[in-house]
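Coordinates from coords_16.txt are shown below (compact mmCIF, C-alpha atoms).
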# COMPACT_ATOMS: atom_id res chain seq x y z
CA MET A 1 20.31 -4.59 -38.78
CA LYS A 2 22.76 -2.70 -40.99
CA PRO A 3 25.84 -0.78 -39.89
CA PRO A 4 25.41 2.98 -39.51
CA ARG A 5 27.35 5.28 -41.82
CA PHE A 6 31.03 5.72 -41.15
CA ALA A 7 34.20 6.81 -42.92
CA TYR A 8 36.33 3.78 -43.79
CA HIS A 9 40.11 3.80 -43.67
CA ALA A 10 42.33 0.97 -44.92
CA PRO A 11 45.90 2.09 -44.19
CA ARG A 12 48.70 0.06 -45.79
CA THR A 13 51.37 0.55 -43.13
CA LEU A 14 51.48 0.63 -39.35
CA PRO A 15 52.71 4.25 -39.16
CA GLU A 16 49.91 5.32 -41.51
CA LEU A 17 47.43 3.42 -39.35
CA LEU A 18 48.65 4.99 -36.12
CA GLU A 19 48.55 8.46 -37.68
CA THR A 20 44.95 7.94 -38.83
CA LEU A 21 44.00 6.62 -35.41
CA ASN A 22 45.71 9.55 -33.70
CA GLU A 23 43.67 12.00 -35.78
CA THR A 24 40.34 10.28 -35.21
CA ALA A 25 40.87 8.45 -31.89
CA ASP A 26 37.78 9.56 -30.00
CA GLU A 27 35.42 8.80 -32.86
CA ALA A 28 37.17 5.75 -34.33
CA VAL A 29 37.01 2.01 -33.87
CA VAL A 30 39.63 -0.40 -35.12
CA LEU A 31 38.43 -3.29 -37.27
CA ALA A 32 40.49 -6.47 -36.88
CA GLY A 33 38.60 -9.70 -37.68
CA GLY A 34 35.27 -7.99 -37.12
CA GLN A 35 33.59 -10.90 -35.38
CA SER A 36 32.62 -8.78 -32.37
CA LEU A 37 32.62 -5.37 -34.03
CA LEU A 38 30.37 -6.25 -36.97
CA PRO A 39 27.56 -7.59 -34.76
CA MET A 40 27.84 -4.40 -32.68
CA LEU A 41 27.64 -2.28 -35.84
CA ASN A 42 24.77 -4.32 -37.27
CA LEU A 43 22.85 -4.03 -34.01
CA ARG A 44 23.89 -0.37 -33.79
CA LEU A 45 25.36 -0.86 -30.37
CA ALA A 46 28.33 1.02 -31.81
CA ALA A 47 28.10 4.02 -34.12
CA PRO A 48 31.66 5.21 -34.77
CA SER A 49 32.37 8.03 -37.20
CA HIS A 50 35.49 6.24 -38.43
CA VAL A 51 36.33 2.57 -38.94
CA ILE A 52 40.03 1.84 -39.34
CA ASP A 53 40.68 -1.56 -40.91
CA LEU A 54 43.80 -3.42 -39.78
CA GLY A 55 43.31 -5.97 -42.54
CA ARG A 56 45.71 -4.39 -45.03
CA VAL A 57 48.52 -3.62 -42.59
CA PRO A 58 51.39 -6.10 -42.97
CA GLY A 59 53.43 -7.51 -40.11
CA LEU A 60 50.69 -8.08 -37.53
CA ASP A 61 50.15 -11.79 -38.14
CA SER A 62 53.37 -13.52 -37.15
CA ILE A 63 53.82 -16.23 -34.51
CA ALA A 64 57.32 -16.39 -33.08
CA SER A 65 58.87 -18.44 -30.33
CA THR A 66 61.52 -16.46 -28.51
CA ASN A 67 63.48 -17.12 -25.35
CA GLY A 68 60.87 -18.12 -22.79
CA SER A 69 57.84 -16.80 -24.58
CA VAL A 70 55.69 -16.97 -27.67
CA GLU A 71 54.77 -13.71 -29.34
CA VAL A 72 51.61 -13.68 -31.41
CA GLY A 73 50.64 -10.84 -33.74
CA ALA A 74 47.30 -9.19 -33.05
CA MET A 75 45.87 -10.25 -36.43
CA VAL A 76 46.53 -13.96 -35.93
CA THR A 77 43.18 -15.74 -36.15
CA HIS A 78 41.75 -18.17 -33.60
CA TYR A 79 41.93 -20.87 -36.26
CA ARG A 80 45.65 -20.33 -36.75
CA MET A 81 46.16 -20.61 -32.99
CA GLU A 82 44.29 -23.91 -33.18
CA THR A 83 46.48 -25.29 -35.97
CA ASP A 84 49.90 -23.62 -35.66
CA ALA A 85 52.83 -25.93 -34.87
CA VAL A 86 54.72 -23.39 -32.73
CA VAL A 87 51.65 -22.76 -30.60
CA ALA A 88 51.01 -26.49 -30.23
CA ALA A 89 54.60 -27.15 -29.15
CA SER A 90 55.20 -24.12 -26.91
CA VAL A 91 51.84 -23.05 -25.48
CA PRO A 92 49.46 -26.00 -25.96
CA LEU A 93 47.02 -24.41 -23.50
CA ALA A 94 46.49 -21.65 -26.08
CA ARG A 95 45.81 -24.18 -28.80
CA ARG A 96 43.23 -25.93 -26.64
CA ALA A 97 41.49 -22.67 -25.72
CA ALA A 98 41.35 -21.57 -29.37
CA GLY A 99 39.03 -24.47 -30.20
CA TYR A 100 36.44 -23.12 -27.75
CA VAL A 101 36.15 -19.74 -29.50
CA GLY A 102 32.93 -19.46 -31.49
CA TYR A 103 32.53 -21.67 -34.55
CA ARG A 104 34.86 -22.43 -37.41
CA ALA A 105 33.65 -19.48 -39.50
CA ILE A 106 34.20 -17.18 -36.50
CA ARG A 107 37.62 -18.70 -35.79
CA ASN A 108 38.63 -18.25 -39.44
CA ARG A 109 38.22 -14.48 -39.20
CA GLY A 110 38.28 -13.50 -35.53
CA THR A 111 41.66 -12.49 -34.13
CA VAL A 112 43.44 -12.78 -30.79
CA GLY A 113 44.16 -9.04 -30.74
CA GLY A 114 40.55 -8.20 -31.44
CA SER A 115 39.39 -10.52 -28.68
CA VAL A 116 41.58 -9.01 -25.96
CA ALA A 117 40.87 -5.45 -27.14
CA HIS A 118 37.14 -6.21 -26.96
CA ALA A 119 37.65 -7.64 -23.43
CA ASP A 120 34.50 -9.67 -23.01
CA PRO A 121 34.80 -11.06 -19.46
CA ALA A 122 33.57 -14.47 -20.66
CA ALA A 123 36.09 -14.77 -23.51
CA GLU A 124 38.87 -17.37 -23.69
CA TRP A 125 41.98 -15.33 -24.61
CA PRO A 126 41.95 -13.10 -21.54
CA ILE A 127 42.19 -16.08 -19.15
CA VAL A 128 44.81 -17.79 -21.29
CA LEU A 129 46.87 -14.61 -21.14
CA LEU A 130 46.43 -14.39 -17.37
CA ALA A 131 47.29 -18.06 -16.84
CA LEU A 132 50.41 -17.83 -18.99
CA ASP A 133 51.62 -14.62 -17.34
CA GLY A 134 51.00 -12.81 -20.62
CA GLU A 135 51.52 -9.29 -21.82
CA VAL A 136 49.75 -7.12 -24.35
CA GLY A 137 51.80 -5.02 -26.79
CA LEU A 138 50.33 -1.62 -27.64
CA ALA A 139 51.38 0.92 -30.27
CA SER A 140 50.49 4.54 -30.91
CA VAL A 141 52.18 7.52 -32.55
CA ARG A 142 53.71 8.10 -29.12
CA GLY A 143 55.57 4.80 -29.26
CA TRP A 144 55.23 1.19 -28.16
CA ARG A 145 54.59 -0.23 -24.72
CA SER A 146 53.84 -3.54 -23.13
CA ILE A 147 51.43 -4.10 -20.26
CA THR A 148 50.77 -7.20 -18.19
CA ALA A 149 47.48 -9.01 -18.71
CA GLU A 150 46.57 -8.32 -15.09
CA ASP A 151 46.85 -4.56 -15.62
CA PHE A 152 45.30 -4.65 -19.10
CA PHE A 153 41.80 -5.92 -18.32
CA GLU A 154 39.91 -3.31 -16.29
CA SER A 155 36.22 -4.07 -16.63
CA VAL A 156 33.54 -5.22 -19.07
CA TYR A 157 34.72 -4.22 -22.57
CA THR A 158 37.20 -1.88 -20.85
CA THR A 159 40.98 -2.12 -20.96
CA ALA A 160 44.05 -0.01 -20.25
CA LYS A 161 44.42 0.57 -23.98
CA ARG A 162 44.15 4.28 -24.73
CA PRO A 163 41.95 5.49 -27.61
CA ASP A 164 44.96 6.28 -29.80
CA GLU A 165 46.54 2.86 -29.29
CA ILE A 166 46.09 -0.47 -31.01
CA VAL A 167 46.93 -3.93 -29.72
CA THR A 168 49.85 -5.15 -31.83
CA SER A 169 50.74 -8.44 -30.15
CA LEU A 170 50.21 -10.85 -27.29
CA ARG A 171 53.11 -12.43 -25.47
CA PHE A 172 52.58 -15.74 -23.67
CA SER A 173 55.25 -16.86 -21.21
CA THR A 174 56.24 -20.51 -21.56
CA ARG A 175 57.36 -20.70 -17.92
CA CYS A 176 54.05 -22.22 -16.84
CA ALA A 177 53.18 -23.79 -20.18
CA HIS A 178 54.15 -27.39 -19.58
CA ARG A 179 51.46 -28.49 -17.18
CA TRP A 180 48.12 -27.03 -18.05
CA GLY A 181 44.41 -27.52 -18.14
CA PHE A 182 41.47 -25.77 -19.75
CA SER A 183 37.82 -26.47 -19.12
CA GLU A 184 34.78 -24.53 -20.17
CA PHE A 185 31.03 -24.79 -19.82
CA GLN A 186 29.00 -23.32 -22.66
CA ARG A 187 25.25 -23.76 -23.15
CA ARG A 188 25.73 -24.45 -26.85
CA THR A 189 28.92 -25.19 -28.73
CA GLY A 190 30.46 -21.89 -29.78
CA ASP A 191 28.74 -19.71 -27.18
CA PHE A 192 30.73 -17.51 -24.87
CA ALA A 193 31.66 -19.36 -21.70
CA THR A 194 29.23 -19.44 -18.83
CA VAL A 195 32.37 -20.26 -16.84
CA ALA A 196 35.82 -21.19 -18.13
CA VAL A 197 38.96 -22.00 -16.16
CA ALA A 198 42.58 -22.05 -17.34
CA VAL A 199 45.29 -23.65 -15.20
CA ALA A 200 49.02 -23.36 -15.95
CA CYS A 201 51.84 -24.75 -13.83
CA ALA A 202 55.61 -24.56 -13.77
CA VAL A 203 57.43 -27.75 -12.79
CA GLU A 204 60.81 -27.99 -11.11
CA ALA A 205 62.43 -31.30 -10.20
CA GLY A 206 59.15 -33.04 -11.02
CA GLU A 207 57.14 -30.90 -8.63
CA ILE A 208 54.72 -28.06 -9.29
CA CYS A 209 56.51 -24.95 -8.04
CA GLU A 210 54.20 -22.31 -9.47
CA ALA A 211 50.56 -22.44 -10.49
CA ARG A 212 48.28 -19.90 -12.10
CA VAL A 213 44.49 -20.23 -12.20
CA ALA A 214 42.40 -17.82 -14.27
CA ILE A 215 38.61 -17.78 -14.45
CA ALA A 216 36.23 -16.27 -17.02
CA GLY A 217 32.55 -15.53 -16.58
CA VAL A 218 32.47 -14.71 -12.87
CA ALA A 219 33.32 -11.00 -12.70
CA ASP A 220 33.56 -7.86 -14.82
CA ARG A 221 36.99 -9.02 -15.97
CA PRO A 222 39.00 -12.25 -16.08
CA VAL A 223 40.26 -13.02 -12.57
CA ARG A 224 43.10 -15.00 -11.03
CA CYS A 225 42.46 -17.06 -7.93
CA ARG A 226 45.51 -17.00 -5.63
CA GLU A 227 43.95 -19.40 -3.11
CA ALA A 228 43.45 -22.04 -5.80
CA GLU A 229 46.98 -21.45 -7.08
CA ALA A 230 48.41 -21.99 -3.60
CA ALA A 231 46.47 -25.24 -3.30
CA LEU A 232 48.03 -26.57 -6.52
CA VAL A 233 51.66 -25.85 -5.62
CA GLY A 234 53.34 -29.03 -4.47
CA GLY A 235 50.64 -31.14 -6.07
CA SER A 236 49.36 -33.04 -3.02
CA ALA A 237 46.82 -35.84 -3.43
CA THR A 238 43.96 -33.45 -2.66
CA ALA A 239 45.38 -30.46 -4.55
CA ALA A 240 42.86 -30.47 -7.42
CA ALA A 241 39.89 -30.79 -5.08
CA ASP A 242 41.32 -28.15 -2.72
CA ALA A 243 41.89 -25.79 -5.65
CA ALA A 244 38.33 -26.33 -6.88
CA GLU A 245 36.97 -25.60 -3.40
CA ALA A 246 39.14 -22.52 -3.04
CA ALA A 247 38.21 -21.22 -6.50
CA SER A 248 34.50 -21.67 -5.89
CA ASP A 249 34.75 -19.96 -2.46
CA SER A 250 36.69 -17.02 -3.90
CA VAL A 251 34.17 -15.93 -6.53
CA ASP A 252 30.96 -13.98 -6.13
CA PRO A 253 29.47 -14.16 -9.62
CA ILE A 254 26.49 -12.19 -10.82
CA SER A 255 23.24 -13.85 -11.81
CA ASP A 256 22.09 -13.29 -15.36
CA ILE A 257 20.10 -14.97 -18.12
CA HIS A 258 22.91 -17.50 -18.66
CA GLY A 259 23.06 -18.72 -15.08
CA SER A 260 22.47 -17.83 -11.44
CA SER A 261 25.28 -16.88 -9.11
CA ALA A 262 24.96 -20.19 -7.23
CA PHE A 263 25.07 -22.15 -10.51
CA ARG A 264 28.19 -20.30 -11.58
CA LYS A 265 29.88 -21.05 -8.24
CA ARG A 266 29.15 -24.74 -8.80
CA LEU A 267 30.53 -24.45 -12.33
CA VAL A 268 33.71 -22.81 -11.06
CA HIS A 269 34.17 -25.80 -8.77
CA ALA A 270 33.58 -28.32 -11.56
CA GLU A 271 35.66 -26.59 -14.23
CA THR A 272 38.56 -25.87 -11.87
CA LEU A 273 38.58 -29.50 -10.82
CA ARG A 274 38.63 -30.64 -14.46
CA ALA A 275 41.31 -28.16 -15.48
CA ALA A 276 43.49 -29.02 -12.46
CA ARG A 277 43.17 -32.74 -13.13
CA GLN A 278 44.24 -32.17 -16.73
CA ALA A 279 47.25 -30.25 -15.46
CA PHE A 280 48.15 -33.09 -13.10
CA SER A 281 47.93 -35.72 -15.81
CA ALA A 282 51.09 -35.79 -17.89
CA ASN A 283 50.04 -33.42 -20.63
CA GLU A 284 53.27 -32.11 -22.09
CA ALA A 285 52.02 -33.30 -25.46
CA GLY A 286 48.52 -31.97 -24.86
CA ALA A 287 45.82 -33.38 -22.60
CA ARG A 288 42.37 -34.45 -23.60
CA ASP A 289 39.32 -33.36 -21.67
CA GLY A 290 39.48 -34.73 -18.12
CA MET B 1 31.43 5.07 -52.26
CA ALA B 2 34.54 3.02 -52.89
CA GLU B 3 35.66 0.85 -55.77
CA ILE B 4 36.22 -2.83 -55.01
CA SER B 5 37.47 -5.58 -57.26
CA LEU B 6 37.09 -9.20 -56.28
CA THR B 7 36.53 -12.68 -57.65
CA VAL B 8 33.09 -14.15 -57.04
CA ASN B 9 32.53 -17.78 -58.03
CA GLY B 10 35.52 -17.61 -60.33
CA GLU B 11 34.51 -14.41 -62.11
CA ARG B 12 36.30 -11.09 -61.70
CA THR B 13 33.88 -8.44 -60.52
CA ALA B 14 34.32 -4.72 -59.91
CA ALA B 15 31.75 -2.56 -58.17
CA GLN B 16 31.17 0.67 -56.28
CA VAL B 17 30.12 0.03 -52.68
CA ASP B 18 29.21 2.10 -49.67
CA PRO B 19 31.80 1.13 -47.02
CA ARG B 20 29.02 0.08 -44.62
CA THR B 21 27.54 -2.43 -47.09
CA LEU B 22 27.75 -5.95 -45.72
CA LEU B 23 29.20 -8.64 -47.96
CA SER B 24 25.90 -10.54 -47.66
CA ASP B 25 23.93 -7.57 -48.99
CA PHE B 26 26.48 -6.92 -51.73
CA LEU B 27 26.21 -10.52 -52.94
CA ARG B 28 22.41 -10.52 -52.88
CA ASP B 29 21.52 -6.97 -53.91
CA GLY B 30 24.64 -5.96 -55.81
CA LEU B 31 25.31 -9.17 -57.72
CA GLY B 32 21.88 -10.82 -57.59
CA LEU B 33 23.31 -13.93 -55.94
CA THR B 34 20.33 -14.56 -53.71
CA GLY B 35 21.41 -18.10 -52.83
CA THR B 36 23.23 -16.65 -49.84
CA HIS B 37 20.51 -16.32 -47.22
CA VAL B 38 20.40 -13.64 -44.56
CA GLY B 39 18.93 -14.78 -41.26
CA CYS B 40 20.03 -13.13 -38.04
CA GLU B 41 22.48 -10.55 -39.40
CA HIS B 42 24.70 -10.77 -36.36
CA GLY B 43 26.69 -13.92 -36.94
CA TYR B 44 24.57 -16.35 -35.01
CA CYS B 45 22.56 -18.43 -37.46
CA GLY B 46 25.12 -19.33 -40.14
CA ALA B 47 22.70 -19.06 -43.10
CA CYS B 48 24.88 -16.45 -44.84
CA THR B 49 28.10 -18.49 -44.66
CA VAL B 50 30.30 -18.21 -47.77
CA LEU B 51 33.92 -19.04 -48.47
CA VAL B 52 36.46 -16.20 -48.54
CA ASP B 53 39.79 -17.34 -49.96
CA GLY B 54 38.57 -20.88 -49.29
CA ALA B 55 37.74 -20.38 -45.60
CA SER B 56 34.20 -20.17 -44.27
CA ALA B 57 33.05 -16.74 -43.20
CA ARG B 58 29.82 -15.14 -42.12
CA SER B 59 29.05 -12.76 -44.95
CA CYS B 60 26.95 -10.67 -42.54
CA LEU B 61 30.05 -10.16 -40.37
CA MET B 62 32.16 -8.82 -43.21
CA LEU B 63 31.98 -5.55 -45.03
CA ALA B 64 31.94 -5.91 -48.80
CA ILE B 65 34.93 -3.59 -48.88
CA GLN B 66 36.91 -6.09 -46.79
CA ALA B 67 36.48 -8.57 -49.64
CA ASP B 68 38.39 -6.29 -52.02
CA ALA B 69 41.03 -8.36 -53.87
CA ARG B 70 39.71 -11.56 -52.26
CA SER B 71 38.03 -14.60 -53.76
CA VAL B 72 34.47 -15.32 -52.62
CA GLU B 73 32.50 -18.49 -53.27
CA THR B 74 28.77 -18.71 -52.70
CA VAL B 75 26.33 -21.60 -52.96
CA GLU B 76 25.82 -20.71 -56.64
CA SER B 77 29.35 -22.00 -57.29
CA LEU B 78 28.30 -25.56 -56.47
CA SER B 79 26.24 -26.25 -59.56
CA ALA B 80 27.29 -23.58 -61.98
CA ASN B 81 25.80 -23.35 -65.48
CA GLY B 82 23.03 -25.81 -64.71
CA ALA B 83 25.54 -28.63 -64.42
CA GLY B 84 23.32 -30.57 -62.04
CA LEU B 85 23.60 -30.88 -58.29
CA HIS B 86 26.96 -30.97 -56.56
CA PRO B 87 27.62 -34.28 -54.72
CA ILE B 88 27.14 -32.49 -51.38
CA GLN B 89 23.79 -31.11 -52.54
CA LEU B 90 22.80 -34.57 -53.77
CA ALA B 91 23.64 -36.06 -50.40
CA PHE B 92 21.48 -33.43 -48.65
CA LYS B 93 18.64 -34.27 -51.04
CA ASP B 94 19.00 -38.03 -50.67
CA CYS B 95 19.33 -37.98 -46.86
CA HIS B 96 16.56 -35.40 -46.28
CA GLY B 97 19.13 -32.96 -44.94
CA LEU B 98 16.78 -30.05 -45.56
CA GLN B 99 13.15 -29.07 -45.37
CA CYS B 100 12.49 -25.37 -45.84
CA GLY B 101 16.01 -24.85 -47.17
CA PHE B 102 16.70 -21.53 -45.48
CA CYS B 103 19.82 -22.70 -43.63
CA THR B 104 21.01 -24.96 -46.43
CA PRO B 105 23.23 -22.61 -48.49
CA GLY B 106 25.34 -21.76 -45.46
CA LEU B 107 25.55 -25.38 -44.38
CA LEU B 108 26.60 -26.47 -47.87
CA MET B 109 29.46 -23.96 -47.95
CA SER B 110 30.65 -25.10 -44.51
CA VAL B 111 30.63 -28.68 -45.75
CA VAL B 112 32.67 -27.69 -48.81
CA GLU B 113 35.28 -26.35 -46.37
CA LEU B 114 35.11 -29.50 -44.25
CA ALA B 115 35.53 -31.72 -47.32
CA ALA B 116 38.59 -29.69 -48.31
CA THR B 117 40.26 -29.57 -44.90
CA ASN B 118 39.20 -32.67 -42.96
CA PRO B 119 37.37 -35.13 -45.23
CA ALA B 120 38.09 -38.20 -43.07
CA CYS B 121 36.46 -36.70 -39.98
CA SER B 122 34.28 -38.47 -37.44
CA ARG B 123 30.57 -37.90 -36.86
CA ASP B 124 31.45 -35.87 -33.75
CA GLU B 125 33.79 -33.70 -35.79
CA ILE B 126 31.02 -33.16 -38.36
CA ARG B 127 28.72 -32.01 -35.56
CA GLU B 128 31.39 -29.72 -34.17
CA HIS B 129 32.06 -28.24 -37.60
CA LEU B 130 28.37 -27.58 -38.20
CA SER B 131 27.74 -26.18 -34.71
CA GLY B 132 27.57 -22.64 -36.04
CA HIS B 133 24.50 -23.38 -38.14
CA LEU B 134 20.94 -23.21 -36.90
CA CYS B 135 18.31 -25.38 -38.58
CA ARG B 136 14.74 -25.19 -37.29
CA CYS B 137 13.34 -28.01 -39.45
CA THR B 138 15.44 -31.13 -39.47
CA GLY B 139 16.64 -31.67 -35.93
CA TYR B 140 20.12 -31.98 -37.48
CA HIS B 141 20.36 -35.79 -37.61
CA HIS B 142 19.62 -35.96 -41.33
CA ILE B 143 22.06 -33.13 -41.98
CA VAL B 144 24.84 -35.06 -40.24
CA ASP B 145 23.81 -38.15 -42.23
CA ALA B 146 24.03 -36.15 -45.44
CA VAL B 147 27.46 -34.78 -44.61
CA GLU B 148 28.69 -38.23 -43.68
CA ARG B 149 27.46 -39.60 -47.00
CA ALA B 150 28.96 -36.71 -48.97
CA LEU B 151 32.35 -37.16 -47.30
CA ASP B 152 32.20 -40.93 -47.67
CA SER B 153 31.63 -40.71 -51.41
CA ALA B 154 34.30 -38.02 -51.74
CA THR B 155 36.90 -40.08 -49.88
CA GLY B 156 35.79 -43.50 -51.12
CA ARG B 157 35.12 -44.48 -47.51
CA ALA B 158 32.70 -47.39 -47.03
CA ASP B 159 29.09 -46.24 -47.02
CA ASP B 160 27.40 -47.58 -43.91
CA ASN B 161 24.14 -45.69 -44.27
Show how you would write the structure in this file as C-alpha cells.
Amino acid sequence: MKPPRFAYHAPRTLPELLETLNETADEAVVLAGGQSLLPMLNLRLAAPSHVIDLGRVPGLDSIASTNGSVEVGAMVTHYRMETDAVVAASVPLARRAAGYVGYRAIRNRGTVGGSVAHADPAAEWPIVLLALDGEVGLASVRGWRSITAEDFFESVYTTAKRPDEIVTSLRFSTRCAHRWGFSEFQRRTGDFATVAVAVACAVEAGEICEARVAIAGVADRPVRCREAEAALVGGSATAAADAAEAASDSVDPISDIHGSSAFRKRLVHAETLRAARQAFSANEAGARDG
Amino acid sequence: MAEISLTVNGERTAAQVDPRTLLSDFLRDGLGLTGTHVGCEHGYCGACTVLVDGASARSCLMLAIQADARSVETVESLSANGAGLHPIQLAFKDCHGLQCGFCTPGLLMSVVELAATNPACSRDEIREHLSGHLCRCTGYHHIVDAVERALDSATGRADDN
C-alpha cells in the first residue's frame, strides 16, 4: 500500500510543466489534487515512471465570470467551488454538485481539473459540465485548445486529452444556469454516485426554451438524455414526470456490486424527477433538495 | 531523495525524503509523530487526517514532498508539552466518543477544522462533516455528542446534553 518508485517533477511555470510533460508523456502522470491518483498509486493500479506535480504552477486556480460563462482553473478545489461567491451567483448548479464530491478532506484537496481528467463515469463534474454546455481547456507545447464536454469524455477513465496535454480550465456556460436541479443517490455520504442527474434549463419570457439533462453512473461515460430534455422544454404540468420516464427508458445501465441494472433504471427515474422538480421550482437563488 | 522544509505543529522541520513517501509515513516514521494513525491507506477511513495549512487532508493521499513549504498540524498539536487535554479531546472523553481510539486522531483534527470554520453548525452538519471517518466501535452517536459539546463550549452555546 505504498506508491511505486517514480521520478518527481515540480515545475514552477506552465511552459516548464508542458516541456517536462512533452518529454515524458507516455510514462508520466500529472498530479493535481491527488485524491484519485494517490489511491491508484498506493494500490499500485498505476505505476508511472514520472509524476509531474501541478501544485507549484501559478495561474491555474482562478475563477472568473466572463460574458456568458464562468471559467474555472483546473486546480480549483471542490471546496472552493462549494464556497466561491462567483460560482454561487453564476452557476449555482456547480456549487450544489461540489458538495456531493467525497468528504471535506477530499474536497479540500481534490480539484475540478483532476476530476474531469480522471473521467470516472460516476463523478459529479462531468455531468455538471455536460448540463451547462461546458468546455475543457487543454494545453501542450503544441498550443492551447478547447473541446466540448460531449467530445471530451470518451469512456471509463478515458478522454480526448492527449498524453502531452494537461487540463488547464473548465468553462461553464451560464445560458442554462438559471433553472437547475441536481440529485444524487450514494450508498454512503461521500461515495461516488450510484446514479446522479443534473438538469439545467434556459428560460425565455418565463418559459423553458432549452433543457439539458446529464446522467452519471449509467454508462461508460456521462450521458445526455435528449428525450428527457425534450420533455422539459415548455414546462408542461407533466414535464418532470415525462422527463423521468424518458430518462429511465433511455438508459441501459450495467449491473455491478453497487446496484443492478434494474435498480439503476429506477434510480434514474427518481433522481431525474427530483432534479427536474428542483429546476421547476424557482431556484434562481439556489434550490434545496426536492 | 529530495530536501523538504515544512512546519509541523509549529516547529520548522527540514528532511530528506524519497518522493514516493506518503505524508502519513513521513510524520510517523520520519518525525516519530505516531499519533497520526494509518488505516486503509487509500483515503477511505479518515484515521490519518491532519491539517495542511489549516484545512483537513488525508495524509495518506499526499506525498510528503507536496507538503514542502506548508504547515502541517497533527493530533500531537492539541495538547503540546503535556498541557493537558484539549477541550475537544476532553469532550470525546466525557461523552465516550471513543473506544479503541484508532479513528480518534483523524476525527479530532476534522473537528478542529469544523470548530474553526463552522462552529455554530447543526447536528446534521456535524454528521456531514464527519462522514469521511470510519469508526467501528462507537456507532457514531457518542462522537456526534462529543463534537456538539466541544462546539457548544467553544461558542458559549447552551449545553443541552
Give me, as JSON lines, the closest atom pair and its distance (Å, one decimal) for every residue of chain B within a cut-off of 8 Å of chain A, counting all atoms listed in the file, rows sorted by chain and rising number.
{"residue": "B:Pro19", "atom": "CA", "partner": "A:Tyr8", "partner_atom": "CA", "distance": 6.2}
{"residue": "B:Arg20", "atom": "CA", "partner": "A:Pro3", "partner_atom": "CA", "distance": 5.8}
{"residue": "B:Thr21", "atom": "CA", "partner": "A:Pro3", "partner_atom": "CA", "distance": 7.6}
{"residue": "B:Leu22", "atom": "CA", "partner": "A:Lys2", "partner_atom": "CA", "distance": 7.6}
{"residue": "B:Glu41", "atom": "CA", "partner": "A:Met1", "partner_atom": "CA", "distance": 6.4}
{"residue": "B:His42", "atom": "CA", "partner": "A:Pro39", "partner_atom": "CA", "distance": 4.6}
{"residue": "B:Gly43", "atom": "CA", "partner": "A:Pro39", "partner_atom": "CA", "distance": 6.8}
{"residue": "B:Thr49", "atom": "CA", "partner": "A:Ala105", "partner_atom": "CA", "distance": 7.6}
{"residue": "B:Ala55", "atom": "CA", "partner": "A:Asn108", "partner_atom": "CA", "distance": 6.6}
{"residue": "B:Ser56", "atom": "CA", "partner": "A:Ala105", "partner_atom": "CA", "distance": 4.9}
{"residue": "B:Ala57", "atom": "CA", "partner": "A:Ala105", "partner_atom": "CA", "distance": 4.6}
{"residue": "B:Arg58", "atom": "CA", "partner": "A:Ala105", "partner_atom": "CA", "distance": 6.4}
{"residue": "B:Cys60", "atom": "CA", "partner": "A:Leu38", "partner_atom": "CA", "distance": 7.9}
{"residue": "B:Leu61", "atom": "CA", "partner": "A:Leu38", "partner_atom": "CA", "distance": 5.2}
{"residue": "B:Met62", "atom": "CA", "partner": "A:Gly34", "partner_atom": "CA", "distance": 6.9}
{"residue": "B:Gln66", "atom": "CA", "partner": "A:Gly55", "partner_atom": "CA", "distance": 7.7}
{"residue": "B:Glu128", "atom": "CA", "partner": "A:Thr189", "partner_atom": "CA", "distance": 7.5}
{"residue": "B:His129", "atom": "CA", "partner": "A:Arg104", "partner_atom": "CA", "distance": 6.5}
{"residue": "B:Ser131", "atom": "CA", "partner": "A:Thr189", "partner_atom": "CA", "distance": 6.2}
{"residue": "B:Gly132", "atom": "CA", "partner": "A:Tyr103", "partner_atom": "CA", "distance": 5.3}
Neighbours of Val116 (chain A) within 10 Å (only C-alpha atoms; same-chain residues fewer than 4 positions away dropped), as a tab-separated table (two decimals) with C-alpha atoms, in the coordinates of the input?
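Written file, result.tsv:
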chain	number	residue	atom	x	y	z
A	74	ALA	CA	47.30	-9.19	-33.05
A	111	THR	CA	41.66	-12.49	-34.13
A	112	VAL	CA	43.44	-12.78	-30.79
A	120	ASP	CA	34.50	-9.67	-23.01
A	121	PRO	CA	34.80	-11.06	-19.46
A	123	ALA	CA	36.09	-14.77	-23.51
A	124	GLU	CA	38.87	-17.37	-23.69
A	125	TRP	CA	41.98	-15.33	-24.61
A	126	PRO	CA	41.95	-13.10	-21.54
A	127	ILE	CA	42.19	-16.08	-19.15
A	129	LEU	CA	46.87	-14.61	-21.14
A	136	VAL	CA	49.75	-7.12	-24.35
A	149	ALA	CA	47.48	-9.01	-18.71
A	152	PHE	CA	45.30	-4.65	-19.10
A	153	PHE	CA	41.80	-5.92	-18.32
A	157	TYR	CA	34.72	-4.22	-22.57
A	158	THR	CA	37.20	-1.88	-20.85
A	159	THR	CA	40.98	-2.12	-20.96
A	167	VAL	CA	46.93	-3.93	-29.72
A	170	LEU	CA	50.21	-10.85	-27.29
Which polymer residues have any atom within 9 Å of an atom of Phe26 (chain B), counting all atoms listed in the file, with same-chain residues fewer than 4 positions away left out, as a VMD selection string?
chain B and resid 17 21 to 22 30 to 33 63 to 64
I need the residue nearest Val268 (chain A) from this list: A:Asp256, A:Pro222, A:Phe172, A:Thr194. Use only C-alpha atoms for the distance.
A:Thr194
So that I can see what lies close to Ser79 (chain B), please list as a JSON list (two decimals) with C-alpha atoms, in the frame of the given file the residues with an atom at most 12 Å from it, counting all atoms listed in the file and leaving out residues fewer than 3 positions away in the same chain.
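Writing done, so here's result24.json:
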[["chain", "number", "residue", "atom", "x", "y", "z"],
["B", 9, "ASN", "CA", 32.53, -17.78, -58.03],
["B", 35, "GLY", "CA", 21.41, -18.10, -52.83],
["B", 73, "GLU", "CA", 32.50, -18.49, -53.27],
["B", 74, "THR", "CA", 28.77, -18.71, -52.70],
["B", 75, "VAL", "CA", 26.33, -21.60, -52.96],
["B", 76, "GLU", "CA", 25.82, -20.71, -56.64],
["B", 82, "GLY", "CA", 23.03, -25.81, -64.71],
["B", 83, "ALA", "CA", 25.54, -28.63, -64.42],
["B", 84, "GLY", "CA", 23.32, -30.57, -62.04],
["B", 85, "LEU", "CA", 23.60, -30.88, -58.29],
["B", 86, "HIS", "CA", 26.96, -30.97, -56.56],
["B", 87, "PRO", "CA", 27.62, -34.28, -54.72],
["B", 88, "ILE", "CA", 27.14, -32.49, -51.38],
["B", 89, "GLN", "CA", 23.79, -31.11, -52.54],
["B", 90, "LEU", "CA", 22.80, -34.57, -53.77],
["B", 108, "LEU", "CA", 26.60, -26.47, -47.87]]
